[in-house]
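Listing of my_file.txt; format and content: compact mmCIF, C-alpha atoms.
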# COMPACT_ATOMS: atom_id res chain seq x y z
CA MET J 1 45.39 171.07 134.81
CA ASP J 2 43.95 169.17 137.76
CA THR J 3 40.83 171.14 138.54
CA ASP J 4 40.94 170.05 142.17
CA THR J 5 44.45 171.25 142.94
CA VAL J 6 43.96 173.24 146.12
CA ARG J 7 44.09 177.00 146.00
CA SER J 8 41.44 178.18 148.45
CA GLY J 9 38.07 177.02 149.69
CA ALA J 10 34.81 177.67 151.51
CA PRO J 11 34.33 176.32 155.04
CA ASP J 12 32.95 172.97 153.79
CA GLU J 13 35.89 172.60 151.42
CA ALA J 14 38.31 173.50 154.21
CA ALA J 15 36.80 170.85 156.49
CA GLY J 16 37.08 168.24 153.75
CA ARG J 17 40.65 169.30 153.09
CA ARG J 18 41.58 168.93 156.75
CA ARG J 19 40.04 165.45 156.79
CA GLU J 20 42.18 164.45 153.82
CA GLN J 21 45.25 165.98 155.44
CA ARG J 22 44.72 163.93 158.60
CA GLY J 23 44.40 160.80 156.50
CA TRP J 24 47.49 161.76 154.49
CA TYR J 25 49.61 162.03 157.65
CA PHE J 26 48.83 158.42 158.45
CA TYR J 27 50.57 157.06 155.38
CA ASP J 28 53.85 158.38 156.78
CA TRP J 29 52.82 156.81 160.11
CA ALA J 30 52.21 153.52 158.27
CA CYS J 31 55.28 153.19 156.06
CA SER J 32 58.07 154.84 158.05
CA VAL J 33 58.50 151.79 160.27
CA TYR J 34 59.81 149.98 157.19
CA SER J 35 62.60 152.52 156.77
CA THR J 36 63.45 152.57 160.48
CA SER J 37 63.11 149.00 161.74
CA VAL J 38 63.73 147.10 158.51
CA LEU J 39 66.28 149.07 156.49
CA THR J 40 68.10 151.01 159.19
CA VAL J 41 68.31 148.44 161.99
CA PHE J 42 67.46 144.81 161.37
CA LEU J 43 67.49 143.64 157.75
CA GLY J 44 71.06 144.49 156.74
CA PRO J 45 72.84 142.49 159.44
CA TYR J 46 70.29 139.65 159.35
CA LEU J 47 70.22 139.19 155.57
CA THR J 48 74.02 139.32 155.55
CA SER J 49 74.15 136.54 158.15
CA VAL J 50 71.71 134.44 156.08
CA ALA J 51 73.89 134.97 153.00
CA GLU J 52 76.99 134.05 154.97
CA ALA J 53 75.30 130.83 156.11
CA ALA J 54 74.70 129.94 152.46
CA ALA J 55 78.17 131.01 151.26
CA ASP J 56 80.83 128.65 149.94
CA ALA J 57 84.24 128.16 151.54
CA ASP J 58 85.51 131.38 149.95
CA GLY J 59 82.62 133.45 151.36
CA PHE J 60 80.69 133.78 148.10
CA VAL J 61 77.06 133.12 147.22
CA HIS J 62 76.00 132.55 143.62
CA PRO J 63 72.64 134.14 142.75
CA LEU J 64 71.82 133.22 139.14
CA GLY J 65 75.32 131.79 138.90
CA ILE J 66 76.98 135.15 139.61
CA PRO J 67 79.66 135.06 142.34
CA VAL J 68 78.82 137.66 145.00
CA ARG J 69 80.62 138.13 148.29
CA ALA J 70 78.09 137.40 151.03
CA GLY J 71 78.87 140.67 152.82
CA SER J 72 77.93 142.63 149.68
CA PHE J 73 74.62 140.88 148.95
CA PHE J 74 72.47 143.31 150.98
CA ALA J 75 74.03 146.39 149.36
CA TYR J 76 73.61 144.94 145.87
CA SER J 77 69.98 144.09 146.62
CA VAL J 78 69.32 147.68 147.70
CA SER J 79 70.99 148.96 144.52
CA LEU J 80 68.85 146.64 142.37
CA SER J 81 65.70 147.86 144.12
CA VAL J 82 66.64 151.44 143.24
CA ILE J 83 67.05 150.50 139.58
CA VAL J 84 63.64 148.80 139.56
CA ALA J 85 62.05 151.85 141.22
CA VAL J 86 63.65 154.25 138.72
CA LEU J 87 62.21 152.19 135.85
CA VAL J 88 58.71 151.98 137.33
CA MET J 89 58.16 155.42 138.91
CA PRO J 90 57.91 157.54 135.72
CA LEU J 91 55.37 155.15 134.20
CA VAL J 92 53.22 155.00 137.35
CA GLY J 93 53.50 158.76 137.91
CA ALA J 94 52.36 159.58 134.39
CA ALA J 95 49.49 157.08 134.61
CA ALA J 96 48.36 158.64 137.91
CA ASP J 97 48.32 162.15 136.43
CA ARG J 98 46.58 161.11 133.21
CA THR J 99 43.84 159.05 134.84
CA GLY J 100 43.51 160.91 138.15
CA ARG J 101 43.32 157.51 139.87
CA LYS J 102 46.17 157.81 142.32
CA LYS J 103 44.49 155.96 145.17
CA PRO J 104 44.30 152.50 143.50
CA LEU J 105 47.94 152.85 142.45
CA LEU J 106 48.93 153.94 145.96
CA ALA J 107 47.05 150.97 147.41
CA ALA J 108 48.73 148.56 145.00
CA ALA J 109 52.22 149.88 145.78
CA ALA J 110 51.63 150.07 149.54
CA TYR J 111 50.24 146.55 149.88
CA THR J 112 52.88 145.09 147.58
CA GLY J 113 55.55 146.57 149.85
CA ALA J 114 53.74 145.59 153.05
CA ALA J 115 53.23 142.01 151.87
CA ALA J 116 56.87 141.66 150.85
CA THR J 117 57.98 143.01 154.24
CA ALA J 118 55.65 140.68 156.13
CA GLY J 119 57.02 137.82 154.04
CA MET J 120 60.46 138.44 155.55
CA PHE J 121 59.25 136.31 158.46
CA PHE J 122 60.21 133.31 156.31
CA LEU J 123 63.89 134.29 155.95
CA GLY J 124 65.26 131.39 157.92
CA GLY J 125 68.19 129.09 157.22
CA GLU J 126 69.98 129.89 153.96
CA ARG J 127 67.13 131.62 152.09
CA TYR J 128 69.21 134.62 151.06
CA LEU J 129 67.70 134.67 147.54
CA LEU J 130 64.20 134.99 149.01
CA GLY J 131 65.48 137.79 151.23
CA GLY J 132 67.01 139.63 148.29
CA LEU J 133 63.83 139.26 146.23
CA LEU J 134 61.61 140.51 149.07
CA LEU J 135 63.94 143.45 149.70
CA VAL J 136 63.90 144.47 146.02
CA VAL J 137 60.09 144.26 145.88
CA ALA J 138 59.53 146.06 149.20
CA ASN J 139 62.03 148.84 148.57
CA ALA J 140 60.86 149.52 145.01
CA ALA J 141 57.22 149.47 146.11
CA GLN J 142 58.03 151.89 148.93
CA SER J 143 59.62 154.32 146.47
CA VAL J 144 56.63 154.16 144.11
CA ALA J 145 54.16 154.57 146.97
CA MET J 146 56.05 157.55 148.40
CA MET J 147 56.05 159.23 145.00
CA LEU J 148 52.27 158.90 144.81
CA TYR J 149 51.85 159.94 148.45
CA ASN J 150 53.98 163.06 147.98
CA SER J 151 52.06 164.03 144.86
CA TYR J 152 48.88 164.45 146.92
CA LEU J 153 50.38 167.40 148.80
CA PRO J 154 49.48 170.13 146.26
CA GLN J 155 45.95 168.74 146.06
CA ILE J 156 45.14 168.58 149.76
CA ALA J 157 46.84 171.75 151.06
CA THR J 158 46.66 175.39 150.04
CA PRO J 159 50.00 177.06 149.26
CA GLU J 160 50.01 178.64 152.73
CA GLU J 161 49.37 175.30 154.44
CA ARG J 162 51.94 173.10 152.71
CA ASP J 163 54.97 173.71 154.91
CA ALA J 164 53.00 172.85 158.04
CA VAL J 165 51.21 169.88 156.45
CA SER J 166 54.42 168.41 155.05
CA SER J 167 56.19 168.89 158.39
CA ARG J 168 53.39 167.15 160.27
CA GLY J 169 53.58 164.23 157.86
CA TRP J 170 57.29 163.78 158.52
CA ALA J 171 56.69 164.13 162.26
CA PHE J 172 54.05 161.39 162.15
CA GLY J 173 56.50 159.13 160.34
CA TYR J 174 59.35 159.64 162.77
CA ALA J 175 57.02 159.17 165.74
CA ALA J 176 55.79 155.83 164.37
CA GLY J 177 59.33 154.76 163.57
CA ALA J 178 60.44 155.44 167.13
CA LEU J 179 57.38 153.75 168.69
CA VAL J 180 57.72 150.52 166.71
CA LEU J 181 61.49 150.45 167.08
CA VAL J 182 61.14 150.59 170.88
CA ALA J 183 58.75 147.63 170.77
CA ASN J 184 61.06 145.75 168.42
CA LEU J 185 64.08 146.35 170.62
CA VAL J 186 62.21 145.10 173.69
CA LEU J 187 61.44 141.88 171.82
CA TYR J 188 64.94 141.59 170.37
CA THR J 189 66.93 142.26 173.53
CA GLY J 190 64.63 140.10 175.64
CA HIS J 191 64.14 137.27 173.15
CA ASP J 192 65.32 134.63 175.64
CA SER J 193 62.69 135.63 178.18
CA PHE J 194 60.04 135.35 175.44
CA GLY J 195 61.26 131.86 174.54
CA LEU J 196 62.52 132.96 171.13
CA SER J 197 65.81 132.54 169.35
CA GLU J 198 67.60 135.68 168.22
CA GLY J 199 66.85 134.89 164.58
CA MET J 200 63.14 134.33 165.25
CA ALA J 201 62.97 137.63 167.15
CA VAL J 202 64.47 139.46 164.18
CA ARG J 203 62.05 137.78 161.77
CA ILE J 204 59.11 138.81 163.94
CA CYS J 205 60.42 142.39 164.02
CA LEU J 206 60.73 142.42 160.22
CA ALA J 207 57.25 140.97 159.68
CA SER J 208 55.67 143.32 162.24
CA ALA J 209 56.80 146.30 160.15
CA GLY J 210 54.92 144.89 157.16
CA LEU J 211 51.78 144.24 159.21
CA TRP J 212 51.93 147.76 160.69
CA TRP J 213 52.40 149.24 157.20
CA GLY J 214 49.43 147.36 155.77
CA ALA J 215 47.09 147.99 158.71
CA TRP J 216 47.64 151.75 159.02
CA ALA J 217 47.61 152.29 155.24
CA LEU J 218 43.85 151.74 155.44
CA VAL J 219 43.44 155.19 157.01
CA PRO J 220 44.81 157.28 154.13
CA LEU J 221 43.20 154.99 151.57
CA ARG J 222 39.80 155.67 153.17
CA ARG J 223 40.26 159.44 153.44
CA LEU J 224 42.20 160.46 150.34
CA ARG J 225 40.16 160.86 147.17
CA ASP J 226 40.84 160.74 143.46
CA ARG J 227 40.47 163.82 141.30
CA ARG J 228 38.91 163.93 137.87
CA VAL J 229 41.19 165.11 135.12
CA PRO J 230 40.55 165.93 131.46
CA ALA J 231 40.96 163.00 129.09
CA ARG J 232 44.56 162.69 127.95
CA GLU J 233 46.67 160.49 125.79
CA ALA J 234 47.78 157.12 127.15
CA ALA J 235 50.86 156.99 129.32
CA LEU J 236 54.11 156.40 127.48
CA PRO J 237 56.11 153.29 128.30
CA GLY J 238 59.19 153.18 130.52
CA PHE J 239 62.10 155.35 129.43
CA ARG J 240 59.99 157.20 126.83
CA GLN J 241 57.88 158.58 129.67
CA LEU J 242 60.96 159.50 131.68
CA ALA J 243 62.37 161.31 128.63
CA ALA J 244 59.04 163.11 128.13
CA THR J 245 59.05 164.21 131.77
CA VAL J 246 62.60 165.53 131.48
CA ARG J 247 61.71 167.41 128.28
CA ASP J 248 58.73 168.98 130.02
CA MET J 249 60.87 169.95 133.01
CA ARG J 250 63.27 171.76 130.68
CA ARG J 251 60.44 174.23 130.08
CA HIS J 252 60.66 175.03 133.80
CA PRO J 253 64.39 175.63 134.33
CA LEU J 254 63.92 177.13 137.79
CA THR J 255 62.14 173.97 138.95
CA LEU J 256 65.10 172.01 137.61
CA SER J 257 67.47 174.33 139.44
CA PHE J 258 65.76 173.58 142.73
CA LEU J 259 65.79 169.85 141.96
CA LEU J 260 69.54 170.02 141.32
CA ALA J 261 70.14 171.79 144.63
CA TYR J 262 67.97 169.23 146.42
CA LEU J 263 69.80 166.36 144.71
CA VAL J 264 73.11 167.68 146.02
CA TYR J 265 72.26 168.41 149.64
CA ASN J 266 69.93 165.42 149.98
CA ASP J 267 72.80 163.20 148.82
CA GLY J 268 74.73 164.53 151.80
CA ILE J 269 71.78 163.91 154.14
CA GLN J 270 71.28 160.33 152.97
CA THR J 271 75.01 159.59 153.27
CA VAL J 272 75.15 160.90 156.83
CA ILE J 273 72.18 158.68 157.70
CA SER J 274 73.74 155.57 156.17
CA GLN J 275 77.33 156.12 157.32
CA ALA J 276 76.88 157.55 160.84
CA SER J 277 76.73 154.08 162.36
CA VAL J 278 79.91 153.09 160.50
CA TYR J 279 81.60 156.19 161.85
CA GLY J 280 80.37 155.45 165.36
CA SER J 281 81.46 151.80 165.36
CA LYS J 282 84.72 151.95 163.38
CA GLU J 283 86.14 155.36 164.28
CA LEU J 284 84.65 155.96 167.73
CA GLY J 285 84.63 152.34 168.91
CA LEU J 286 81.01 152.38 170.08
CA GLY J 287 78.93 149.24 170.64
CA GLN J 288 75.75 148.11 168.91
CA SER J 289 73.52 149.09 171.85
CA THR J 290 74.89 152.63 171.78
CA LEU J 291 74.23 152.90 168.05
CA ILE J 292 70.65 151.63 168.42
CA VAL J 293 69.93 154.16 171.18
CA ALA J 294 71.36 156.85 168.90
CA VAL J 295 68.96 155.78 166.11
CA LEU J 296 66.06 156.07 168.55
CA LEU J 297 67.24 159.50 169.64
CA VAL J 298 67.33 160.65 166.02
CA GLN J 299 63.78 159.38 165.47
CA VAL J 300 62.37 161.11 168.54
CA LEU J 301 64.08 164.45 168.00
CA ALA J 302 63.26 164.42 164.27
CA VAL J 303 59.60 164.78 165.28
CA ALA J 304 60.33 167.97 167.21
CA GLY J 305 62.73 169.18 164.54
CA ALA J 306 60.21 168.77 161.73
CA LEU J 307 57.52 170.66 163.63
CA ALA J 308 59.91 173.41 164.77
CA LEU J 309 61.31 174.00 161.28
CA GLY J 310 57.75 174.08 159.96
CA ARG J 311 56.99 176.93 162.37
CA LEU J 312 60.13 178.75 161.30
CA ALA J 313 59.04 178.38 157.69
CA ARG J 314 55.71 180.03 158.46
CA ARG J 315 57.58 183.00 159.89
CA TYR J 316 60.60 183.29 157.61
CA GLY J 317 59.67 181.23 154.54
CA ALA J 318 60.55 177.68 153.52
CA LYS J 319 63.62 178.60 151.49
CA ARG J 320 65.26 180.47 154.38
CA ALA J 321 64.40 177.66 156.80
CA ILE J 322 65.99 175.07 154.50
CA LEU J 323 69.09 177.24 154.07
CA GLY J 324 69.32 177.53 157.84
CA SER J 325 69.05 173.75 158.18
CA LEU J 326 71.93 173.31 155.72
CA VAL J 327 74.08 175.57 157.89
CA ALA J 328 73.10 173.42 160.88
CA TRP J 329 74.05 170.25 158.97
CA THR J 330 77.47 171.73 158.21
CA LEU J 331 78.10 172.68 161.83
CA THR J 332 76.93 169.24 163.00
CA LEU J 333 79.39 167.46 160.71
CA ALA J 334 82.18 169.80 161.77
CA ALA J 335 81.45 168.95 165.40
CA GLY J 336 81.35 165.25 164.51
CA TYR J 337 84.89 165.45 163.17
CA PHE J 338 86.17 166.32 166.65
CA LEU J 339 84.18 163.73 168.65
CA PRO J 340 86.42 161.78 171.05
CA ALA J 341 86.54 158.01 170.65
CA GLY J 342 84.81 155.84 173.25
CA ALA J 343 82.52 158.64 174.46
CA PRO J 344 78.86 157.66 173.89
CA VAL J 345 77.53 160.90 175.40
CA TRP J 346 79.10 163.03 172.70
CA PHE J 347 77.86 160.66 169.99
CA PHE J 348 74.36 161.10 171.42
CA VAL J 349 74.84 164.87 171.16
CA LEU J 350 75.75 164.40 167.50
CA ALA J 351 72.68 162.21 166.99
CA ALA J 352 70.54 164.90 168.61
CA GLY J 353 71.90 167.49 166.21
CA ILE J 354 71.15 165.24 163.25
CA GLY J 355 67.64 164.52 164.50
CA LEU J 356 66.75 168.17 164.97
CA VAL J 357 67.58 169.12 161.37
CA LEU J 358 66.77 165.84 159.61
CA GLY J 359 62.98 165.87 159.55
CA GLY J 360 62.63 169.60 158.94
CA SER J 361 65.03 169.83 156.01
CA GLN J 362 63.29 166.91 154.26
CA ALA J 363 59.74 168.08 155.03
CA LEU J 364 60.30 171.64 153.85
CA SER J 365 62.09 170.47 150.70
CA ARG J 366 59.03 168.42 149.81
CA SER J 367 56.61 171.28 150.44
CA LEU J 368 58.73 173.81 148.55
CA PHE J 369 59.00 171.50 145.55
CA SER J 370 55.21 171.08 145.56
CA HIS J 371 54.93 174.81 144.72
CA LEU J 372 57.21 174.36 141.70
CA VAL J 373 55.18 171.58 140.05
CA PRO J 374 52.90 172.58 137.13
CA PRO J 375 49.26 171.78 138.01
CA GLY J 376 48.13 168.40 136.70
CA LYS J 377 51.65 166.95 136.65
CA GLU J 378 52.05 166.27 140.36
CA ALA J 379 52.78 162.52 140.26
CA GLU J 380 54.94 162.83 137.16
CA TYR J 381 57.15 165.52 138.69
CA PHE J 382 57.25 163.86 142.08
CA SER J 383 58.56 160.72 140.38
CA ALA J 384 61.59 162.79 139.37
CA TYR J 385 61.77 164.16 142.93
CA GLU J 386 61.62 160.66 144.39
CA MET J 387 64.35 159.50 142.01
CA SER J 388 66.48 162.39 143.24
CA ASP J 389 65.71 161.28 146.79
CA ARG J 390 66.31 157.54 146.37
CA GLY J 391 67.83 156.85 142.99
CA MET J 392 70.59 159.43 142.83
CA SER J 393 72.09 159.22 146.32
CA TRP J 394 75.30 157.49 145.33
CA LEU J 395 77.84 160.32 145.05
CA GLY J 396 77.94 160.81 148.82
CA PRO J 397 78.77 157.18 149.66
CA LEU J 398 81.32 157.21 146.82
CA LEU J 399 83.03 160.32 148.20
CA PHE J 400 82.90 158.90 151.72
CA GLY J 401 84.47 155.63 150.54
CA LEU J 402 87.12 157.26 148.38
CA THR J 403 88.12 159.65 151.16
CA TYR J 404 88.53 156.76 153.58
CA GLN J 405 90.45 154.76 150.98
CA LEU J 406 92.87 157.63 150.36
CA THR J 407 93.31 158.80 153.95
CA GLY J 408 92.48 155.75 156.07
CA SER J 409 90.49 158.06 158.36
CA TYR J 410 86.74 157.97 158.92
CA ARG J 411 87.04 161.47 160.38
CA ASP J 412 88.26 162.77 157.05
CA ALA J 413 85.52 160.78 155.32
CA ILE J 414 82.74 162.28 157.45
CA ILE J 415 84.02 165.86 157.11
CA SER J 416 84.24 165.44 153.32
CA LEU J 417 80.42 165.38 153.26
CA VAL J 418 80.35 169.08 154.20
CA ALA J 419 80.91 169.73 150.48
CA PHE J 420 77.37 168.56 149.69
CA PHE J 421 75.78 170.98 152.15
CA VAL J 422 77.94 173.93 151.11
CA LEU J 423 77.29 173.34 147.40
CA GLY J 424 73.61 172.63 148.02
CA PHE J 425 73.33 175.89 150.00
CA ALA J 426 74.93 177.84 147.15
CA LEU J 427 72.69 176.29 144.51
CA LEU J 428 69.48 176.76 146.52
CA ALA J 429 70.36 180.36 147.43
CA ARG J 430 70.49 181.19 143.70
CA VAL J 431 66.96 179.89 142.97
CA PRO J 432 64.40 182.75 142.78
CA VAL J 433 61.58 180.68 144.26
CA ARG J 434 58.85 183.28 143.82
CA ARG J 435 59.51 183.50 140.10
CA ALA J 436 59.86 179.72 139.92
CA ILE J 437 56.42 179.26 141.48
CA SER J 438 54.86 181.83 139.17
CA ASP J 439 56.53 180.26 136.09
CA ALA J 440 55.09 176.89 137.08
CA GLY J 441 51.60 178.41 136.98
CA ASN J 442 50.94 178.33 140.73
CA PRO J 443 49.89 181.08 143.18
CA VAL J 444 52.78 182.54 145.16
CA PRO J 445 52.35 182.29 148.95
CA GLU J 446 52.88 185.38 151.08
CA ARG J 447 55.93 183.76 152.67
CA ILE J 448 58.09 181.31 150.76

Could you take the file, read its structure, and then write that structure out as structure tokens?
Amino acid sequence: MDTDTVRSGAPDEAAGRRREQRGWYFYDWACSVYSTSVLTVFLGPYLTSVAEAAADADGFVHPLGIPVRAGSFFAYSVSLSVIVAVLVMPLVGAAADRTGRKKPLLAAAAYTGAAATAGMFFLGGERYLLGGLLLVVANAAQSVAMMLYNSYLPQIATPEERDAVSSRGWAFGYAAGALVLVANLVLYTGHDSFGLSEGMAVRICLASAGLWWGAWALVPLRRLRDRRVPAREAALPGFRQLAATVRDMRRHPLTLSFLLAYLVYNDGIQTVISQASVYGSKELGLGQSTLIVAVLLVQVLAVAGALALGRLARRYGAKRAILGSLVAWTLTLAAGYFLPAGAPVWFFVLAAGIGLVLGGSQALSRSLFSHLVPPGKEAEYFSAYEMSDRGMSWLGPLLFGLTYQLTGSYRDAIISLVAFFVLGFALLARVPVRRAISDAGNPVPERI
């Protein structure tokens, strides 16, 4: 096992642990602007417009000779990045656990992603292939870096601290996302007054996210430290390592049960995030400015939501707090079904509801999973967790799309996602987390 996995400590150890925790928060502060400004707001529409500029008369581009509709190029690039991440994460996670050298791997992944994002400044004209390549590199690097970042949690926080530490990390990320997005929107909406074209303003916004990511990543890389581990066999390649991880997880069926529950309800969360703007624009007839303000509202309230749910977890336990958040998700979607068209105020209310439960449900899921990981296998297990987070979130969009195809109603499509939260609630409620933590070889917190 990792001899430095945190269980308790003297005052000097506690001070060192708090220093690492403060540094750890800043990686979320560094990288979350990529998710917010790049993926959620700017890159999709801009890369699609670049692909459309390069398309033939029938609206197709031909990467590597393959005909692809220009409007689908961004989605396919995101899908390819997920595949690359799924192939790389198990190998990197196992190497991190076996060598104990997580920090160099985190630095490599973070600066690969930051450099690729900064390189999006050069996406002018018809350079859609460059855009697709940079997106694949940045998104895959972000997934690998987040896996390594998450795996530090059991090592820098005692079992009693993890809910609060994880929640603060998410809060830092949402705060940075909101701050940078405000600055980006000022530049974007006022590009004429700055003497910039709309395209140049977008490219500056994209590149600024990469520069922010790289600059603030220096803080965690200075404060986090590597842990010595006993000498182990060399990491297995590719799919063999993934298979070995899955075989090891089968020895901890309760950990797998939690991961299954998380996979289900997180699929619902990710689908709401990705499809809410479609629902707002297509079903409710809301404009782009309204949708951008709603994204900002989600970011700001997610900070408060993450911290508030962290406090609830300290009082009632993480499992109960997550279950409560899933009830809130269900009620929020039910309310969304009845939203009147052309009423921005009610859409903002929906966004507020999403923001308040978004950060907390994700933060507490991460901290609860950290208790279920066998000591010394943090990065390896968190690679499976990250794949559940990023690589498996396809059933929700499929259900959303099929429901719309069959009914022609985005209202029916959005309410269909309730199934993920109801099923996730049922699966999580059945997991005996205290026994799961004990079976994983970890101390059981007083409240969990």

Worksheet item: Do you have the CA of Ala313 in chain J-CA of Gly268 in chain J distance handy?
Response: 21.7 Å

Worksheet item: Between CA of Phe421 in chain J and CA of Leu263 in chain J, what is the spacing in Å?
Response: 10.6 Å

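Taking all atoms listed in the file, the non-local environment of Tyr128 in chain J within 8 Å (same-chain residues fewer than 3 positions away omitted) comprises Leu47, Val50, Ala51, Ala54, Leu123, Gly131 and Gly132 of chain J.
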
Worksheet item: Hey, can you check how far CA of Tyr410 in chain J sits from CA of Val357 in chain J?
Response: 22.3 Å

Counting all atoms listed in the file, what are the residues of range 148-261 of chain J within 12 Å of range 30-39 of chain J, and for each of them which pair of atoms is the nearest and at what distance in Å, to one decimal? Sort the table by chain and rising number, as a Markdown table.
| residue | atom | partner | partner_atom | distance |
| --- | --- | --- | --- | --- |
| J:Tyr149 | CA | J:Cys31 | CA | 10.7 |
| J:Gly169 | CA | J:Ser32 | CA | 10.4 |
| J:Trp170 | CA | J:Ser32 | CA | 9.0 |
| J:Ala171 | CA | J:Ser32 | CA | 10.3 |
| J:Phe172 | CA | J:Ser32 | CA | 8.7 |
| J:Gly173 | CA | J:Ser32 | CA | 5.1 |
| J:Tyr174 | CA | J:Ser32 | CA | 6.9 |
| J:Ala175 | CA | J:Ser32 | CA | 8.9 |
| J:Ala176 | CA | J:Val33 | CA | 6.4 |
| J:Gly177 | CA | J:Val33 | CA | 4.5 |
| J:Ala178 | CA | J:Thr36 | CA | 7.8 |
| J:Leu179 | CA | J:Val33 | CA | 8.7 |
| J:Val180 | CA | J:Val33 | CA | 6.6 |
| J:Leu181 | CA | J:Ser37 | CA | 5.8 |
| J:Val182 | CA | J:Ser37 | CA | 9.5 |
| J:Ala183 | CA | J:Ser37 | CA | 10.1 |
| J:Asn184 | CA | J:Ser37 | CA | 7.7 |
| J:Leu185 | CA | J:Ser37 | CA | 9.3 |
| J:Tyr188 | CA | J:Ser37 | CA | 11.5 |
| J:Val202 | CA | J:Val38 | CA | 9.5 |
| J:Arg203 | CA | J:Val38 | CA | 10.0 |
| J:Ile204 | CA | J:Val38 | CA | 10.9 |
| J:Cys205 | CA | J:Ser37 | CA | 7.5 |
| J:Leu206 | CA | J:Val38 | CA | 5.8 |
| J:Ala207 | CA | J:Val38 | CA | 9.0 |
| J:Ser208 | CA | J:Val33 | CA | 9.1 |
| J:Ala209 | CA | J:Tyr34 | CA | 5.6 |
| J:Gly210 | CA | J:Tyr34 | CA | 7.1 |
| J:Leu211 | CA | J:Ala30 | CA | 9.3 |
| J:Trp212 | CA | J:Ala30 | CA | 6.3 |
| J:Trp213 | CA | J:Ala30 | CA | 4.4 |
| J:Gly214 | CA | J:Ala30 | CA | 7.2 |
| J:Ala215 | CA | J:Ala30 | CA | 7.5 |
| J:Trp216 | CA | J:Ala30 | CA | 5.0 |
| J:Ala217 | CA | J:Ala30 | CA | 5.6 |
| J:Leu218 | CA | J:Ala30 | CA | 9.0 |
| J:Val219 | CA | J:Ala30 | CA | 9.0 |
| J:Pro220 | CA | J:Ala30 | CA | 9.3 |
| J:Leu221 | CA | J:Ala30 | CA | 11.3 |

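Of the listed residues J:Phe73, J:Tyr25, J:Phe420, J:Tyr111, the one whose atoms come nearest to Asp267 in chain J is J:Phe420, with distances taken using only C-alpha atoms.
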
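Distance check against Leu153 in chain J using all atoms listed in the file: of J:Leu309, J:Val82, J:Leu224, J:Leu284, the minimum falls on J:Leu224.
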
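If you measure from each of J:Asp248, J:Glu446, J:Glu126, J:Asp192 to Gly317 in chain J using all atoms listed in the file, the closest one turns out to be J:Glu446.
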
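Nearest to Val295 in chain J of all the residues J:Ala108, J:Ala138, J:Ala261, J:Val349 is J:Val349, based on only C-alpha atoms.
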
Discussion item. I'd like the contact shell of Val298 in chain J - 7 Å cut-off, all atoms listed in the file, skipping same-chain residues fewer than 3 positions apart - returned as JSON, numbers by chain.
Written reply: {"J": [294, 295, 301, 302, 351, 352, 354, 355]}

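Nearest residue to Asp226 in chain J among J:Glu283, J:Glu386, J:Glu198, J:Asp97 is J:Asp97, counting only C-alpha atoms.
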
What would range 273-283 of chain J look like with N, CA and C atoms in place, written as an mmCIF file, in the coordinates of the input?
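So result-v5.cif came out as:
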data_model
loop_
_atom_site.group_PDB
_atom_site.id
_atom_site.type_symbol
_atom_site.label_atom_id
_atom_site.label_comp_id
_atom_site.auth_asym_id
_atom_site.auth_seq_id
_atom_site.Cartn_x
_atom_site.Cartn_y
_atom_site.Cartn_z
ATOM 1 N N ILE J 273 73.062 159.666 157.092
ATOM 2 C CA ILE J 273 72.180 158.680 157.700
ATOM 3 C C ILE J 273 72.779 157.285 157.592
ATOM 4 N N SER J 274 73.262 156.941 156.401
ATOM 5 C CA SER J 274 73.740 155.570 156.170
ATOM 6 C C SER J 274 75.116 155.308 156.760
ATOM 7 N N GLN J 275 75.951 156.338 156.903
ATOM 8 C CA GLN J 275 77.330 156.120 157.320
ATOM 9 C C GLN J 275 77.600 156.511 158.775
ATOM 10 N N ALA J 276 76.633 157.122 159.457
ATOM 11 C CA ALA J 276 76.880 157.550 160.840
ATOM 12 C C ALA J 276 77.180 156.366 161.747
ATOM 13 N N SER J 277 76.478 155.253 161.522
ATOM 14 C CA SER J 277 76.730 154.080 162.360
ATOM 15 C C SER J 277 78.111 153.496 162.092
ATOM 16 N N VAL J 278 78.548 153.551 160.837
ATOM 17 C CA VAL J 278 79.910 153.090 160.500
ATOM 18 C C VAL J 278 80.937 153.965 161.207
ATOM 19 N N TYR J 279 80.698 155.259 161.178
ATOM 20 C CA TYR J 279 81.600 156.190 161.850
ATOM 21 C C TYR J 279 81.636 155.922 163.354
ATOM 22 N N GLY J 280 80.436 155.694 163.925
ATOM 23 C CA GLY J 280 80.370 155.450 165.360
ATOM 24 C C GLY J 280 81.053 154.168 165.772
ATOM 25 N N SER J 281 80.886 153.096 164.982
ATOM 26 C CA SER J 281 81.460 151.800 165.360
ATOM 27 C C SER J 281 82.947 151.708 165.033
ATOM 28 N N LYS J 282 83.339 152.156 163.840
ATOM 29 C CA LYS J 282 84.720 151.950 163.380
ATOM 30 C C LYS J 282 85.686 153.026 163.880
ATOM 31 N N GLU J 283 85.243 154.271 163.887
ATOM 32 C CA GLU J 283 86.140 155.360 164.280
ATOM 33 C C GLU J 283 86.061 155.649 165.774
#
